[in-house]
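Below you'll find the structure, written out as structure tokens, and then a few comments.
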Amino acid sequence: MINVLRRIPVTVWLVVLTLLAPVLSWAETSQQAAVTLGRETELLAVRALAFAGTEGPPPAAKSSRPTLRPEEGFQAGTWHLGAKTGYVMSHKLYGPKNADVDFAPLFLQIGYTLTDVHGSFPVRGSLELIFEPTFMLVTKPSDTFGKGASLLLRYNFVTGTRWMPFFELGIGLLHWNMRVEDVLGSEFNFTILGGPGVNYFVTDNWAVTGQLGLWHASNAGRKEPNQGINSVMYLLGFAYYF
């Protein structure tokens with residue numbers, strides 16, 4: 001084999017070496033690039049593992065709603081569910097005759113706070129919108145039932161204690177199965193109601209409610225007579241805020 005290689009002319013060897021030189025150079029460069037790429041890949045993997053180990057599990061999502069604190073008032077977005085009952089007695093405020101209509105109401109409330117707490121003492125507080133379905137058991141002048149609904153605005157005052165006074169005012173619709181002679185000649189009527197009250201929070205969410213208010217019903221002149229009924233409301237209830 002060696003003798004055969006010796007017989008190849010020198011010129012042929014020069015040509016072969018000339019052709020192999022670029023190939024060998026490319027192979028060496030490719031090997032170095034592969035080594036460099038392997039080291040960089042290994043470094044990236046080490047860094048990724050180190051980052052994953054130090055980062056830890058993602059924190060639990062926190063609720064955007066703050067903890068309810070009655071002493072600090074209600075912020076915008078606070079809801080409340082409530083119920084009030086008691087007795088409503090008519091009085092002669094104006095006109096020639098007292099309507100003499102008494103009833104026991106049940107006011108259900110769904111409230112939503114519209115504003116954050118603002119202002120300074122003694123008017124510091126927030127504004128609430130309340131939808132109030134109404135049911136009533138009429139005891140005078142005859143036993144019958146009534147039903148309706150009202151929309152109210154309530155301003156809740158912040159006192160820094162668990163006592164939270166409020167004032168509310170609203171309008172509504174009413175239907176009952178009676179007409180009051182010489183006073184109100186329609187079964188379908190409109191109402192205006194409201195007045196001061198107070199919530200006392202036995203917990204951060206539950207409150208006992210007391211209220212003294214005025215209640216007016218008339219038919220806006222749709223039918224005669226339309227003297228209207230004016231009454232005083234004496235109410236107790238409860239509310240849940242969240």
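Ligands are numbered from 1 in the order shown, chains are lettered A, B, ... in the order of the structure tokens, and residues start at 1 in each chain.
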From a DSSP pass on the backbone, collect the residues of region 112-143 of chain A flagged as strand (DSSP E) and hand them back as a PDB file with N, CA and C atoms, in the first residue's frame.
ATOM      1  N   TYR A 112     -77.186  50.045  46.364  1.00  0.00           N
ATOM      2  CA  TYR A 112     -75.853  50.068  45.743  1.00  0.00           C
ATOM      3  C   TYR A 112     -75.244  51.441  45.993  1.00  0.00           C
ATOM      4  N   THR A 113     -74.050  51.478  46.584  1.00  0.00           N
ATOM      5  CA  THR A 113     -73.379  52.739  46.887  1.00  0.00           C
ATOM      6  C   THR A 113     -72.768  53.325  45.619  1.00  0.00           C
ATOM      7  N   GLY A 125     -69.667  61.378  54.175  1.00  0.00           N
ATOM      8  CA  GLY A 125     -70.457  60.183  53.903  1.00  0.00           C
ATOM      9  C   GLY A 125     -70.437  59.815  52.438  1.00  0.00           C
ATOM     10  N   SER A 126     -71.367  58.950  52.039  1.00  0.00           N
ATOM     11  CA  SER A 126     -71.450  58.492  50.655  1.00  0.00           C
ATOM     12  C   SER A 126     -72.913  58.325  50.267  1.00  0.00           C
ATOM     13  N   LEU A 127     -73.169  58.344  48.948  1.00  0.00           N
ATOM     14  CA  LEU A 127     -74.526  58.320  48.402  1.00  0.00           C
ATOM     15  C   LEU A 127     -74.872  56.925  47.907  1.00  0.00           C
ATOM     16  N   GLU A 128     -76.090  56.489  48.207  1.00  0.00           N
ATOM     17  CA  GLU A 128     -76.542  55.139  47.863  1.00  0.00           C
ATOM     18  C   GLU A 128     -77.861  55.205  47.108  1.00  0.00           C
ATOM     19  N   LEU A 129     -78.018  54.347  46.105  1.00  0.00           N
ATOM     20  CA  LEU A 129     -79.261  54.204  45.346  1.00  0.00           C
ATOM     21  C   LEU A 129     -79.954  52.930  45.800  1.00  0.00           C
ATOM     22  N   ILE A 130     -81.264  53.017  46.098  1.00  0.00           N
ATOM     23  CA  ILE A 130     -82.000  51.884  46.669  1.00  0.00           C
ATOM     24  C   ILE A 130     -83.263  51.611  45.861  1.00  0.00           C
ATOM     25  N   PHE A 131     -83.464  50.344  45.499  1.00  0.00           N
ATOM     26  CA  PHE A 131     -84.719  49.878  44.920  1.00  0.00           C
ATOM     27  C   PHE A 131     -85.499  49.184  46.023  1.00  0.00           C
ATOM     28  N   GLU A 132     -86.785  49.576  46.191  1.00  0.00           N
ATOM     29  CA  GLU A 132     -87.543  49.147  47.361  1.00  0.00           C
ATOM     30  C   GLU A 132     -88.917  48.587  46.976  1.00  0.00           C
ATOM     31  N   PRO A 133     -89.040  47.289  46.752  1.00  0.00           N
ATOM     32  CA  PRO A 133     -90.371  46.678  46.608  1.00  0.00           C
ATOM     33  C   PRO A 133     -91.151  46.828  47.920  1.00  0.00           C
ATOM     34  N   THR A 134     -92.475  47.054  47.801  1.00  0.00           N
ATOM     35  CA  THR A 134     -93.292  47.363  48.964  1.00  0.00           C
ATOM     36  C   THR A 134     -94.544  46.484  48.991  1.00  0.00           C
ATOM     37  N   PHE A 135     -94.848  45.968  50.178  1.00  0.00           N
ATOM     38  CA  PHE A 135     -96.083  45.225  50.414  1.00  0.00           C
ATOM     39  C   PHE A 135     -96.713  45.791  51.682  1.00  0.00           C
ATOM     40  N   MET A 136     -98.062  45.853  51.704  1.00  0.00           N
ATOM     41  CA  MET A 136     -98.711  46.448  52.867  1.00  0.00           C
ATOM     42  C   MET A 136    -100.017  45.730  53.187  1.00  0.00           C
ATOM     43  N   LEU A 137    -100.285  45.666  54.477  1.00  0.00           N
ATOM     44  CA  LEU A 137    -101.545  45.154  54.990  1.00  0.00           C
ATOM     45  C   LEU A 137    -102.316  46.337  55.553  1.00  0.00           C
ATOM     46  N   VAL A 138    -103.360  46.760  54.844  1.00  0.00           N
ATOM     47  CA  VAL A 138    -104.154  47.921  55.253  1.00  0.00           C
ATOM     48  C   VAL A 138    -105.131  47.493  56.345  1.00  0.00           C
ATOM     49  N   THR A 139    -105.150  48.237  57.446  1.00  0.00           N
ATOM     50  CA  THR A 139    -106.057  47.937  58.564  1.00  0.00           C
ATOM     51  C   THR A 139    -107.200  48.937  58.681  1.00  0.00           C
ATOM     52  N   LYS A 140    -107.048  50.139  58.161  1.00  0.00           N
ATOM     53  CA  LYS A 140    -108.094  51.177  58.145  1.00  0.00           C
ATOM     54  C   LYS A 140    -108.014  51.907  56.806  1.00  0.00           C
TER      55      LYS A 140
END
Checklist entry - Excluding same-chain residues fewer than 3 positions from Val198 (chain A), what lies within 12 Å of it counting only C-alpha atoms, as a list in words? => result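 These residues fall inside the cut-off: Arg154, Tyr155, Asn156, Phe157, Val158, Thr159, Arg162, Trp163, Met164, Pro165, Phe166, Phe167, Glu168, Gly195, Phe201, Ala207, Val208, Thr209, Gly210, Gln211, Leu212, Gly213, Leu235, Leu236, Gly237, Phe238 and Ala239 of chain A.
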Just write the chosen residues, C-alpha atoms, as a PDB file, in the first residue's frame.
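The file below, result.pdb, is the result:
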ATOM      1  CA  ARG A 154     -79.933  57.581  50.695  1.00  0.00           C
ATOM      2  CA  TYR A 155     -77.013  59.529  52.147  1.00  0.00           C
ATOM      3  CA  ASN A 156     -75.063  57.539  54.764  1.00  0.00           C
ATOM      4  CA  PHE A 157     -73.180  59.680  57.286  1.00  0.00           C
ATOM      5  CA  VAL A 158     -69.799  58.538  58.643  1.00  0.00           C
ATOM      6  CA  THR A 159     -69.338  59.018  62.397  1.00  0.00           C
ATOM      7  CA  ARG A 162     -70.768  51.644  64.463  1.00  0.00           C
ATOM      8  CA  TRP A 163     -73.675  54.104  64.515  1.00  0.00           C
ATOM      9  CA  MET A 164     -74.384  55.277  60.956  1.00  0.00           C
ATOM     10  CA  PRO A 165     -77.197  57.843  60.558  1.00  0.00           C
ATOM     11  CA  PHE A 166     -78.777  58.267  57.144  1.00  0.00           C
ATOM     12  CA  PHE A 167     -81.386  60.305  55.318  1.00  0.00           C
ATOM     13  CA  GLU A 168     -83.311  58.943  52.349  1.00  0.00           C
ATOM     14  CA  GLY A 195     -86.915  60.565  56.326  1.00  0.00           C
ATOM     15  CA  PHE A 201     -73.707  47.570  63.038  1.00  0.00           C
ATOM     16  CA  ALA A 207     -76.888  46.190  60.976  1.00  0.00           C
ATOM     17  CA  VAL A 208     -80.104  46.861  62.888  1.00  0.00           C
ATOM     18  CA  THR A 209     -82.146  49.684  61.315  1.00  0.00           C
ATOM     19  CA  GLY A 210     -84.512  52.207  62.864  1.00  0.00           C
ATOM     20  CA  GLN A 211     -86.349  54.930  60.947  1.00  0.00           C
ATOM     21  CA  LEU A 212     -88.962  57.643  61.393  1.00  0.00           C
ATOM     22  CA  GLY A 213     -90.273  58.957  58.092  1.00  0.00           C
ATOM     23  CA  LEU A 235     -90.014  51.344  61.175  1.00  0.00           C
ATOM     24  CA  LEU A 236     -87.536  48.752  62.422  1.00  0.00           C
ATOM     25  CA  GLY A 237     -85.492  46.334  60.337  1.00  0.00           C
ATOM     26  CA  PHE A 238     -82.138  44.872  59.485  1.00  0.00           C
ATOM     27  CA  ALA A 239     -79.598  45.176  56.661  1.00  0.00           C
TER      28      ALA A 239
END
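Closest approach to Val202 (chain A) from the set A:Gly111, A:Val88, A:Thr161, A:Val183 is made by A:Thr161, with distances taken over only C-alpha atoms.
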Next on the checklist: What's the separation between CA of Gly185 (chain A) and CA of Met89 (chain A), in Å to one decimal place?
Outcome noted: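 Distance between the two atoms: 19.2 Å.
Reported to one decimal place, the separation of CA of Ser150 (chain A) from CA of Leu68 (chain A) is 26.7 Å.
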